[in-house]
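Below is model-v5.csv, which holds CSV, C-alpha atoms.
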chain,number,residue,atom,x,y,z
T,1,MET,CA,7.7,22.7,-6.4
T,2,PRO,CA,10.0,22.4,-3.5
T,3,LEU,CA,9.6,19.9,-0.7
T,4,HIS,CA,6.7,20.8,1.5
T,5,PRO,CA,8.0,23.0,4.3
T,6,GLU,CA,6.3,20.9,7.0
T,7,ILE,CA,8.0,17.8,5.6
T,8,ALA,CA,11.3,19.6,5.3
T,9,THR,CA,11.1,20.7,9.0
T,10,PHE,CA,10.3,17.2,10.1
T,11,LEU,CA,13.2,15.7,8.2
T,12,ALA,CA,15.6,18.3,9.5
T,13,GLY,CA,14.7,17.3,13.0
T,14,LEU,CA,15.4,13.6,12.6
T,15,PRO,CA,18.4,12.1,14.4
T,16,THR,CA,21.2,10.6,12.5
T,17,PRO,CA,20.5,6.9,12.0
T,18,PRO,CA,22.8,4.6,14.0
T,19,GLU,CA,25.6,2.9,12.1
T,20,GLY,CA,25.7,-0.9,11.7
T,21,PRO,CA,23.1,-3.5,10.6
T,22,LEU,CA,19.4,-2.7,11.0
T,23,ASP,CA,17.7,-4.2,14.0
T,24,PRO,CA,14.1,-5.1,13.0
T,25,VAL,CA,12.9,-5.6,16.6
T,26,ALA,CA,14.1,-2.3,17.8
T,27,MET,CA,12.8,-0.5,14.7
T,28,ARG,CA,9.4,-2.0,15.2
T,29,ALA,CA,9.3,-0.9,18.8
T,30,ALA,CA,10.2,2.6,17.7
T,31,ASP,CA,7.5,2.6,15.1
T,32,GLU,CA,4.9,1.4,17.6
T,33,ALA,CA,5.9,4.1,20.1
T,34,HIS,CA,4.4,6.8,17.8
T,35,VAL,CA,1.0,5.3,17.6
T,36,ALA,CA,-1.8,7.6,18.7
T,37,PRO,CA,-3.9,6.5,21.8
T,38,VAL,CA,-7.3,4.9,20.9
T,39,ASP,CA,-9.3,7.9,22.2
T,40,GLU,CA,-7.5,10.3,19.8
T,41,ARG,CA,-8.2,8.3,16.7
T,42,LEU,CA,-10.8,9.1,14.0
T,43,PRO,CA,-14.1,7.7,15.2
T,44,LEU,CA,-16.0,5.3,13.0
T,45,ASN,CA,-19.2,3.3,13.5
T,46,ALA,CA,-17.2,0.1,14.5
T,47,VAL,CA,-13.6,-1.1,14.6
T,48,GLU,CA,-13.2,-4.8,15.3
T,49,ASP,CA,-10.1,-7.0,15.6
T,50,THR,CA,-10.7,-10.6,14.5
T,51,ILE,CA,-9.0,-13.6,12.9
T,52,ALA,CA,-9.3,-14.5,9.3
T,53,HIS,CA,-9.2,-18.3,9.1
T,54,THR,CA,-7.7,-18.8,5.7
T,55,ALA,CA,-5.9,-21.2,3.5
T,56,SER,CA,-2.7,-19.4,4.6
T,57,GLY,CA,-3.5,-20.0,8.3
T,58,ASP,CA,-5.0,-17.7,10.9
T,59,VAL,CA,-4.3,-14.1,10.0
T,60,PRO,CA,-5.1,-11.2,12.3
T,61,VAL,CA,-7.3,-8.5,10.6
T,62,ARG,CA,-8.9,-5.3,11.8
T,63,VAL,CA,-12.3,-4.5,10.3
T,64,TYR,CA,-13.4,-0.8,10.0
T,65,THR,CA,-17.0,0.0,9.4
T,66,PRO,CA,-17.7,3.6,8.5
T,67,ASP,CA,-21.4,3.9,9.2
T,68,GLU,CA,-24.5,2.1,10.2
T,69,ALA,CA,-25.4,0.8,6.7
T,70,GLY,CA,-26.0,-2.9,6.7
T,71,THR,CA,-23.6,-3.7,3.9
T,72,HIS,CA,-20.7,-2.1,2.2
T,73,GLY,CA,-18.1,-2.5,-0.5
T,74,VAL,CA,-14.8,-3.5,0.9
T,75,ILE,CA,-11.2,-2.4,0.6
T,76,VAL,CA,-8.6,-5.0,1.7
T,77,TYR,CA,-5.6,-2.9,2.9
T,78,PHE,CA,-2.0,-4.0,3.2
T,79,HIS,CA,0.3,-1.7,5.3
T,80,GLY,CA,3.7,-0.7,4.2
T,81,GLY,CA,7.1,-1.0,6.0
T,82,ALA,CA,9.6,-2.6,3.7
T,83,PHE,CA,8.1,-6.1,4.4
T,84,PHE,CA,9.6,-6.1,7.9
T,85,LEU,CA,8.0,-3.1,9.6
T,86,GLY,CA,4.4,-1.9,10.1
T,87,SER,CA,1.4,-3.3,11.8
T,88,LEU,CA,-2.4,-2.9,12.2
T,89,GLU,CA,-1.5,-0.3,14.8
T,90,THR,CA,1.1,1.8,12.9
T,91,HIS,CA,-1.3,2.2,9.9
T,92,ASP,CA,-4.6,2.3,11.9
T,93,HIS,CA,-5.1,6.0,11.0
T,94,VAL,CA,-4.7,5.3,7.3
T,95,ALA,CA,-7.3,2.5,7.4
T,96,ARG,CA,-9.7,4.8,9.3
T,97,ALA,CA,-9.3,7.6,6.9
T,98,LEU,CA,-9.9,5.2,3.9
T,99,ALA,CA,-13.1,4.0,5.5
T,100,LYS,CA,-14.3,7.5,6.4
T,101,GLU,CA,-13.6,9.1,3.1
T,102,THR,CA,-14.7,6.3,0.8
T,103,GLY,CA,-17.7,5.0,2.8
T,104,LEU,CA,-16.4,1.5,2.3
T,105,LYS,CA,-15.6,-1.2,4.9
T,106,VAL,CA,-11.8,-1.6,5.3
T,107,VAL,CA,-10.2,-4.9,6.2
T,108,SER,CA,-6.6,-4.2,7.3
T,109,VAL,CA,-4.3,-7.3,7.2
T,110,GLY,CA,-1.8,-8.1,9.9
T,111,TYR,CA,0.3,-10.3,7.6
T,112,ARG,CA,3.5,-12.1,8.6
T,113,LEU,CA,6.7,-10.1,8.4
T,114,ALA,CA,10.3,-10.8,7.2
T,115,PRO,CA,12.8,-12.0,8.3
T,116,GLU,CA,10.9,-14.2,10.8
T,117,ALA,CA,8.5,-15.3,8.1
T,118,ALA,CA,10.2,-16.2,4.8
T,119,PHE,CA,8.8,-15.3,1.4
T,120,PRO,CA,6.0,-15.8,0.3
T,121,ALA,CA,4.4,-15.9,3.8
T,122,GLY,CA,3.3,-12.2,3.8
T,123,LEU,CA,2.1,-12.3,0.2
T,124,ASP,CA,0.2,-15.6,0.9
T,125,ASP,CA,-1.5,-14.0,3.9
T,126,CYS,CA,-2.6,-10.9,1.9
T,127,TYR,CA,-3.9,-13.0,-1.0
T,128,ALA,CA,-5.7,-15.5,1.4
T,129,VAL,CA,-7.4,-12.7,3.3
T,130,THR,CA,-8.6,-11.2,0.0
T,131,ARG,CA,-10.2,-14.5,-0.9
T,132,TRP,CA,-11.5,-14.9,2.6
T,133,VAL,CA,-13.4,-11.6,2.3
T,134,ALA,CA,-15.1,-12.8,-0.9
T,135,GLU,CA,-15.9,-16.2,0.6
T,136,LYS,CA,-17.1,-14.9,3.9
T,137,GLY,CA,-18.6,-11.7,2.5
T,138,GLU,CA,-22.1,-12.1,3.9
T,139,GLY,CA,-20.8,-12.5,7.4
T,140,LEU,CA,-18.5,-9.4,7.0
T,141,GLY,CA,-21.3,-7.3,5.6
T,142,TRP,CA,-19.8,-7.1,2.1
T,143,ASP,CA,-22.5,-6.1,-0.4
T,144,GLY,CA,-20.9,-8.1,-3.3
T,145,THR,CA,-19.9,-5.1,-5.3
T,146,THR,CA,-16.5,-3.3,-4.8
T,147,LEU,CA,-13.7,-5.5,-3.6
T,148,ALA,CA,-10.5,-3.4,-3.9
T,149,VAL,CA,-7.0,-4.2,-2.8
T,150,ALA,CA,-4.9,-1.3,-1.5
T,151,GLY,CA,-1.5,-0.7,0.0
T,152,ASP,CA,1.2,1.8,0.6
T,153,SER,CA,4.9,1.3,-0.2
T,154,SER,CA,5.6,-2.5,0.2
T,155,GLY,CA,1.9,-2.9,0.9
T,156,GLY,CA,1.4,-1.5,-2.6
T,157,THR,CA,3.8,-4.2,-3.8
T,158,PHE,CA,1.5,-6.8,-2.2
T,159,ALA,CA,-1.7,-5.1,-3.7
T,160,ALA,CA,-0.3,-5.3,-7.2
T,161,ALA,CA,1.0,-8.9,-6.7
T,162,VAL,CA,-2.3,-10.0,-5.2
T,163,ALA,CA,-4.3,-8.5,-8.1
T,164,ALA,CA,-2.0,-10.3,-10.6
T,165,ARG,CA,-2.1,-13.6,-8.7
T,166,ALA,CA,-5.8,-13.5,-8.5
T,167,HIS,CA,-6.1,-13.0,-12.3
T,168,ASP,CA,-3.8,-15.9,-12.9
T,169,ASP,CA,-5.8,-18.1,-10.6
T,170,GLY,CA,-9.1,-17.2,-12.2
T,171,PHE,CA,-10.3,-15.4,-9.1
T,172,ASP,CA,-12.2,-12.5,-10.6
T,173,ARG,CA,-13.7,-10.8,-7.6
T,174,ILE,CA,-11.1,-8.0,-7.2
T,175,THR,CA,-12.6,-4.9,-8.8
T,176,HIS,CA,-9.8,-2.3,-8.2
T,177,GLN,CA,-6.2,-1.9,-7.1
T,178,ILE,CA,-5.0,1.1,-5.2
T,179,LEU,CA,-1.2,1.6,-5.0
T,180,TYR,CA,0.2,4.4,-2.9
T,181,TYR,CA,3.9,5.0,-3.9
T,182,PRO,CA,4.4,1.3,-4.5
T,183,SER,CA,7.7,-0.5,-4.6
T,184,LEU,CA,7.4,-2.4,-7.9
T,185,ASP,CA,11.0,-3.1,-8.9
T,186,LEU,CA,13.1,-4.6,-6.1
T,187,ASP,CA,16.4,-4.9,-8.0
T,188,PHE,CA,17.0,-1.1,-7.4
T,189,ASP,CA,18.9,-0.5,-10.6
T,190,VAL,CA,19.7,3.2,-10.4
T,191,ASP,CA,20.3,3.4,-14.1
T,192,ARG,CA,16.8,2.3,-14.9
T,193,TYR,CA,14.9,5.2,-13.1
T,194,ALA,CA,15.9,8.8,-13.0
T,195,SER,CA,14.0,9.3,-9.7
T,196,LEU,CA,16.5,6.9,-8.0
T,197,ARG,CA,19.2,9.4,-8.8
T,198,GLU,CA,17.3,12.7,-8.6
T,199,ASN,CA,15.8,11.9,-5.2
T,200,ALA,CA,18.7,9.9,-3.8
T,201,VAL,CA,19.5,12.0,-0.8
T,202,GLY,CA,17.6,14.4,1.5
T,203,TYR,CA,14.0,13.4,1.2
T,204,GLY,CA,13.5,10.8,4.0
T,205,LEU,CA,13.8,7.5,2.1
T,206,GLU,CA,17.2,7.5,0.4
T,207,THR,CA,18.2,5.4,-2.5
T,208,ALA,CA,21.2,3.9,-0.6
T,209,GLY,CA,18.8,2.7,2.0
T,210,LEU,CA,16.6,0.7,-0.3
T,211,LYS,CA,18.8,-2.4,-0.4
T,212,PRO,CA,19.4,-2.7,3.3
T,213,PHE,CA,15.8,-2.0,4.1
T,214,ASN,CA,14.5,-4.6,1.7
T,215,ALA,CA,17.3,-7.1,2.5
T,216,PHE,CA,15.2,-8.9,5.2
T,217,TYR,CA,12.6,-9.7,2.5
T,218,LEU,CA,15.0,-10.5,-0.3
T,219,ASP,CA,17.3,-12.6,1.9
T,220,SER,CA,14.2,-14.7,2.9
T,221,GLY,CA,13.8,-16.0,-0.6
T,222,ALA,CA,12.1,-13.2,-2.5
T,223,ASP,CA,13.7,-13.0,-6.0
T,224,PRO,CA,13.6,-9.5,-7.5
T,225,ALA,CA,13.2,-11.1,-10.9
T,226,ASP,CA,9.9,-12.8,-9.8
T,227,PRO,CA,6.9,-10.7,-10.9
T,228,LEU,CA,5.2,-11.5,-7.6
T,229,VAL,CA,8.2,-9.7,-5.9
T,230,SER,CA,8.7,-7.0,-8.5
T,231,PRO,CA,5.3,-6.6,-10.2
T,232,ILE,CA,6.7,-4.3,-12.9
T,233,LYS,CA,8.5,-7.4,-14.3
T,234,ARG,CA,5.2,-9.0,-15.3
T,235,ARG,CA,5.1,-9.1,-19.1
T,236,ASP,CA,1.4,-9.2,-19.7
T,237,LEU,CA,-0.7,-6.8,-17.7
T,238,THR,CA,-3.9,-7.3,-19.7
T,239,GLY,CA,-7.0,-8.2,-17.7
T,240,LEU,CA,-5.8,-6.7,-14.4
T,241,PRO,CA,-8.3,-4.6,-12.3
T,242,PRO,CA,-8.5,-0.8,-12.8
T,243,ALA,CA,-5.7,0.9,-10.9
T,244,LEU,CA,-5.0,4.1,-9.0
T,245,VAL,CA,-1.2,4.6,-8.8
T,246,VAL,CA,-0.2,7.5,-6.4
T,247,THR,CA,3.4,8.7,-6.5
T,248,ALA,CA,5.3,11.4,-4.8
T,249,GLN,CA,7.5,14.1,-6.4
T,250,TYR,CA,10.5,13.4,-4.2
T,251,ASP,CA,10.3,9.7,-3.9
T,252,PRO,CA,13.2,7.6,-5.2
T,253,MET,CA,10.6,5.0,-6.4
T,254,ARG,CA,8.4,7.6,-8.2
T,255,ASP,CA,9.3,6.6,-11.7
T,256,GLU,CA,8.7,2.9,-11.4
T,257,GLY,CA,5.2,3.6,-10.1
T,258,GLU,CA,4.5,5.9,-13.0
T,259,LEU,CA,6.0,3.5,-15.5
T,260,TYR,CA,3.7,0.8,-14.2
T,261,GLY,CA,0.7,3.0,-14.6
T,262,ARG,CA,1.7,3.7,-18.3
T,263,ARG,CA,2.2,0.0,-18.9
T,264,LEU,CA,-1.2,-0.8,-17.5
T,265,ARG,CA,-2.8,1.8,-19.8
T,266,GLU,CA,-0.9,0.3,-22.8
T,267,ALA,CA,-2.4,-3.1,-21.8
T,268,ARG,CA,-5.9,-1.4,-21.9
T,269,VAL,CA,-6.3,-1.4,-18.1
T,270,ALA,CA,-8.0,1.7,-16.8
T,271,ALA,CA,-5.2,3.3,-14.8
T,272,THR,CA,-5.0,6.7,-13.1
T,273,VAL,CA,-1.5,7.9,-12.2
T,274,SER,CA,-1.5,10.8,-9.7
T,275,ARG,CA,1.7,12.5,-8.6
T,276,TYR,CA,1.6,14.6,-5.4
T,277,ASP,CA,4.0,17.5,-5.7
T,278,GLY,CA,6.1,18.5,-2.7
T,279,ALA,CA,5.8,15.1,-1.1
T,280,GLY,CA,8.2,12.3,-0.4
T,281,HIS,CA,7.8,8.6,0.1
T,282,GLY,CA,5.5,7.7,3.0
T,283,PHE,CA,3.4,10.9,2.9
T,284,VAL,CA,0.1,8.9,3.2
T,285,GLN,CA,1.2,7.4,6.4
T,286,HIS,CA,3.1,10.3,7.9
T,287,PHE,CA,1.7,13.5,6.4
T,288,SER,CA,-1.9,12.9,5.4
T,289,TRP,CA,-2.9,15.3,8.1
T,290,LEU,CA,-1.8,18.1,5.8
T,291,PRO,CA,-4.8,19.2,3.7
T,292,GLU,CA,-3.0,19.0,0.4
T,293,TYR,CA,-2.1,15.3,1.1
T,294,HIS,CA,-5.2,14.3,2.9
T,295,ARG,CA,-7.1,14.7,-0.4
T,296,VAL,CA,-5.5,11.4,-1.4
T,297,PHE,CA,-8.4,9.7,0.4
T,298,ALA,CA,-11.0,11.7,-1.5
T,299,GLU,CA,-9.1,10.9,-4.8
T,300,THR,CA,-9.3,7.2,-3.8
T,301,ARG,CA,-13.1,7.6,-3.3
T,302,ASP,CA,-13.5,9.3,-6.7
T,303,PHE,CA,-11.4,6.7,-8.4
T,304,LEU,CA,-13.5,3.9,-7.1
T,305,ASP,CA,-16.7,5.7,-8.1
T,306,ARG,CA,-15.4,6.5,-11.5
T,307,ALA,CA,-14.1,3.0,-12.2
T,308,ASP,CA,-17.5,1.6,-11.1
T,309,ARG,CA,-19.4,4.0,-13.4
T,310,GLY,CA,-17.1,3.0,-16.3
T,311,LYS,CA,-17.9,-0.7,-15.8
T,312,GLN,CA,-21.6,0.1,-15.9
T,313,SER,CA,-21.5,2.2,-19.0
Can the structure in the file be given as structure tokens, please?
Amino acid sequence: MPLHPEIATFLAGLPTPPEGPLDPVAMRAADEAHVAPVDERLPLNAVEDTIAHTASGDVPVRVYTPDEAGTHGVIVYFHGGAFFLGSLETHDHVARALAKETGLKVVSVGYRLAPEAAFPAGLDDCYAVTRWVAEKGEGLGWDGTTLAVAGDSSGGTFAAAVAARAHDDGFDRITHQILYYPSLDLDFDVDRYASLRENAVGYGLETAGLKPFNAFYLDSGADPADPLVSPIKRRDLTGLPPALVVTAQYDPMRDEGELYGRRLREARVAATVSRYDGAGHGFVQHFSWLPEYHRVFAETRDFLDRADRGKQS
């Protein structure tokens, strides 16, 4: 199907990007300028900012509690932004929708960003907070059941890497991984994935922009050949948690996400791959107010429920 008309109209109205090197500070400020006021955000039972005291240091987190139940399963959520953009604020609406639709508590992680924080600082923060949730579960109101990791775009990279790192460390508390249009192969070889060519221009995120947008991360020491940087390069995917991999029809990174889902299934990991037609990269963050894309949160809920039932049967 064609690009969704609301998305096409939005993209047509965007100004031409300025020439020259990217300015992370200015881009972050522009990102934050579009955050909705607190009184216009989806209401929940409680939203609390706190600090996770972890092995990686003190990491700011925002905890979303959907209702008055005493305990909940938990989703640890990592925002996107090419490893140098995004914050607890820019993705607040995503975390709220996840909590509301799934009925789970969401812990959103304010991990350190490139280029100021070199690799693996951001990944270390995400992994450490996930372990902190398990270790401090009683105080957080975790019920000891679901402990999912989730992320969009580069946050999806971190979610996949955290799940793999936990498996290698023998930390077996992660029950699910939820990857929204993840960036899984950071060498950006256009000959490897048809979507890098088919969706190269005109859909928001352009193939030519992938290298400069990710350069802050890669130049900080992240090696694209490292499976913790490019999770699709991990040879053995057996034993990883059940996965939901969400892709977008017009995303340059669509095919690497779908390949990862296939490889997970080949490794006997329960993996659901769901492509959203008419959408481009970033639709969960920018266009989930459209009904056909808001259903991604209900699909996430159903995936968590289905995976839990599968483990019990």
Å distance separating CA of Ala150 (chain T) from CA of Tyr77 (chain T), one decimal place: 4.7 Å
Compute the distance from (5.1, -11.3, -8.0) to each atom, counting only C-alpha atoms, keep the residues with any atom at most 12 Å away, and return them as a compact mmCIF listing (two decimals) with C-alpha atoms, in the coordinates of the input; use the coordinates of the file.
# COMPACT_ATOMS: atom_id res chain seq x y z
CA PHE T 119 8.80 -15.30 1.40
CA PRO T 120 6.00 -15.80 0.30
CA GLY T 122 3.30 -12.20 3.80
CA LEU T 123 2.10 -12.30 0.20
CA ASP T 124 0.20 -15.60 0.90
CA TYR T 127 -3.90 -13.00 -1.00
CA GLY T 156 1.40 -1.50 -2.60
CA THR T 157 3.80 -4.20 -3.80
CA PHE T 158 1.50 -6.80 -2.20
CA ALA T 159 -1.70 -5.10 -3.70
CA ALA T 160 -0.30 -5.30 -7.20
CA ALA T 161 1.00 -8.90 -6.70
CA VAL T 162 -2.30 -10.00 -5.20
CA ALA T 163 -4.30 -8.50 -8.10
CA ALA T 164 -2.00 -10.30 -10.60
CA ARG T 165 -2.10 -13.60 -8.70
CA ALA T 166 -5.80 -13.50 -8.50
CA ASP T 168 -3.80 -15.90 -12.90
CA SER T 183 7.70 -0.50 -4.60
CA LEU T 184 7.40 -2.40 -7.90
CA ASP T 185 11.00 -3.10 -8.90
CA LEU T 186 13.10 -4.60 -6.10
CA ALA T 222 12.10 -13.20 -2.50
CA ASP T 223 13.70 -13.00 -6.00
CA PRO T 224 13.60 -9.50 -7.50
CA ALA T 225 13.20 -11.10 -10.90
CA ASP T 226 9.90 -12.80 -9.80
CA PRO T 227 6.90 -10.70 -10.90
CA LEU T 228 5.20 -11.50 -7.60
CA VAL T 229 8.20 -9.70 -5.90
CA SER T 230 8.70 -7.00 -8.50
CA PRO T 231 5.30 -6.60 -10.20
CA ILE T 232 6.70 -4.30 -12.90
CA LYS T 233 8.50 -7.40 -14.30
CA ARG T 234 5.20 -9.00 -15.30
CA ARG T 235 5.10 -9.10 -19.10
Long-range neighbours of Ala97 (chain T) as a PyMOL selection string, 12 Å cut-off, all atoms listed in the file, 2 positions minimum in chain: chain T and resi 41-44+64-66+75+77+91-95+99-106+284-285+288-289+294-298+300-301
Nearest to Gly80 (chain T) by atom-to-atom distance, counting only C-alpha atoms, from T:His4, T:Pro21, T:Ser153, T:Arg262: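 Of all the options, T:Ser153 lies closest to Gly80 (chain T).
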For CA of Gln177 (chain T) and CA of Asp191 (chain T), the interatomic separation in Å (one decimal):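 Spanning CA of Gln177 (chain T) to CA of Asp191 (chain T) is a straight-line distance of 27.9 Å.
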Counting all atoms listed in the file, the option among T:Ala267, T:Ala26, T:Val35, T:Val201 closest to Thr90 (chain T):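 So, comparing all the options, the nearest one is T:Val35.
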Pick from T:Asp31, T:Asp236, T:Glu256, T:Asp172, whichever lies nearest to Phe188 (chain T) using only C-alpha atoms: T:Glu256
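With CA of Thr247 (chain T) on one side and CA of Arg306 (chain T) on the other, the separation reads 19.6 Å.
For the residues T:Met1, T:Gly204, T:Pro212, T:Leu147, ranking by smallest atom-to-atom distance to Gly13 (chain T) using all atoms listed in the file places T:Gly204 first.
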Residue with smallest distance to Arg28 (chain T) - pool T:Ser87, T:Thr146, T:Thr130, T:Thr238, counting only C-alpha atoms: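 Nearest candidate to Arg28 (chain T) out of T:Ser87, T:Thr146, T:Thr130, T:Thr238: T:Ser87.
Proximity of T:Leu237, T:Ala8, T:Leu140, T:Ala118 to His167 (chain T), computed with all atoms listed in the file, is greatest for T:Leu237.
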Given the point (4.2, 7.9, -2.5) in the coordinates of this file, which residues lie within 10 Å, counting only C-alpha atoms, and how would they look as an mmCIF file with C-alpha atoms, keeping the file's coordinate frame?
data_model
loop_
_atom_site.group_PDB
_atom_site.id
_atom_site.type_symbol
_atom_site.label_atom_id
_atom_site.label_comp_id
_atom_site.auth_asym_id
_atom_site.auth_seq_id
_atom_site.Cartn_x
_atom_site.Cartn_y
_atom_site.Cartn_z
ATOM 1 C CA ASP T 152 1.200 1.800 0.600
ATOM 2 C CA SER T 153 4.900 1.300 -0.200
ATOM 3 C CA GLY T 156 1.400 -1.500 -2.600
ATOM 4 C CA LEU T 179 -1.200 1.600 -5.000
ATOM 5 C CA TYR T 180 0.200 4.400 -2.900
ATOM 6 C CA TYR T 181 3.900 5.000 -3.900
ATOM 7 C CA PRO T 182 4.400 1.300 -4.500
ATOM 8 C CA SER T 183 7.700 -0.500 -4.600
ATOM 9 C CA VAL T 245 -1.200 4.600 -8.800
ATOM 10 C CA VAL T 246 -0.200 7.500 -6.400
ATOM 11 C CA THR T 247 3.400 8.700 -6.500
ATOM 12 C CA ALA T 248 5.300 11.400 -4.800
ATOM 13 C CA GLN T 249 7.500 14.100 -6.400
ATOM 14 C CA TYR T 250 10.500 13.400 -4.200
ATOM 15 C CA ASP T 251 10.300 9.700 -3.900
ATOM 16 C CA PRO T 252 13.200 7.600 -5.200
ATOM 17 C CA MET T 253 10.600 5.000 -6.400
ATOM 18 C CA ARG T 254 8.400 7.600 -8.200
ATOM 19 C CA GLY T 257 5.200 3.600 -10.100
ATOM 20 C CA SER T 274 -1.500 10.800 -9.700
ATOM 21 C CA ARG T 275 1.700 12.500 -8.600
ATOM 22 C CA TYR T 276 1.600 14.600 -5.400
ATOM 23 C CA ALA T 279 5.800 15.100 -1.100
ATOM 24 C CA GLY T 280 8.200 12.300 -0.400
ATOM 25 C CA HIS T 281 7.800 8.600 0.100
ATOM 26 C CA GLY T 282 5.500 7.700 3.000
ATOM 27 C CA PHE T 283 3.400 10.900 2.900
ATOM 28 C CA VAL T 284 0.100 8.900 3.200
ATOM 29 C CA GLN T 285 1.200 7.400 6.400
#
Contacts of region 213-218 of chain T within 7 Å, all atoms listed in the file, excl. fewer than 6 positions in-chain, as a list of chain:residue names: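 What passes the distance filter is T:Ala82, T:Phe83, T:Phe84, T:Ala114, T:Pro115, T:Phe119.
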Missing atoms in region 88-104 of chain T need filling: write out N, CA and C atoms for it as a compact mmCIF listing (two decimals), keeping the file's coordinate frame.
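result13.txt, written as the output of this step:
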# COMPACT_ATOMS: atom_id res chain seq x y z
N LEU T 88 -0.99 -3.46 12.19
CA LEU T 88 -2.40 -2.90 12.20
C LEU T 88 -2.39 -1.62 13.01
N GLU T 89 -1.51 -1.47 14.00
CA GLU T 89 -1.50 -0.30 14.80
C GLU T 89 -0.84 0.92 14.09
N THR T 90 0.32 0.69 13.49
CA THR T 90 1.10 1.80 12.90
C THR T 90 0.30 2.44 11.72
N HIS T 91 -0.59 1.66 11.09
CA HIS T 91 -1.30 2.20 9.90
C HIS T 91 -2.83 2.25 10.23
N ASP T 92 -3.18 2.22 11.49
CA ASP T 92 -4.60 2.30 11.90
C ASP T 92 -5.23 3.59 11.35
N HIS T 93 -4.51 4.70 11.44
CA HIS T 93 -5.10 6.00 11.00
C HIS T 93 -5.30 6.02 9.49
N VAL T 94 -4.47 5.32 8.73
CA VAL T 94 -4.70 5.30 7.30
C VAL T 94 -5.95 4.49 6.96
N ALA T 95 -6.13 3.34 7.61
CA ALA T 95 -7.30 2.50 7.40
C ALA T 95 -8.59 3.30 7.78
N ARG T 96 -8.52 4.02 8.90
CA ARG T 96 -9.70 4.80 9.30
C ARG T 96 -10.04 5.88 8.32
N ALA T 97 -9.02 6.58 7.83
CA ALA T 97 -9.30 7.60 6.90
C ALA T 97 -9.86 7.06 5.57
N LEU T 98 -9.35 5.90 5.14
CA LEU T 98 -9.90 5.20 3.90
C LEU T 98 -11.36 4.91 4.12
N ALA T 99 -11.71 4.34 5.28
CA ALA T 99 -13.10 4.00 5.50
C ALA T 99 -13.99 5.23 5.58
N LYS T 100 -13.52 6.26 6.27
CA LYS T 100 -14.30 7.50 6.40
C LYS T 100 -14.57 8.16 5.10
N GLU T 101 -13.52 8.32 4.30
CA GLU T 101 -13.60 9.10 3.10
C GLU T 101 -14.32 8.33 1.95
N THR T 102 -14.13 7.02 1.89
CA THR T 102 -14.70 6.30 0.80
C THR T 102 -16.12 5.74 1.13
N GLY T 103 -16.43 5.63 2.43
CA GLY T 103 -17.70 5.00 2.80
C GLY T 103 -17.71 3.52 2.69
N LEU T 104 -16.54 2.92 2.47
CA LEU T 104 -16.40 1.50 2.30
C LEU T 104 -15.88 0.85 3.61
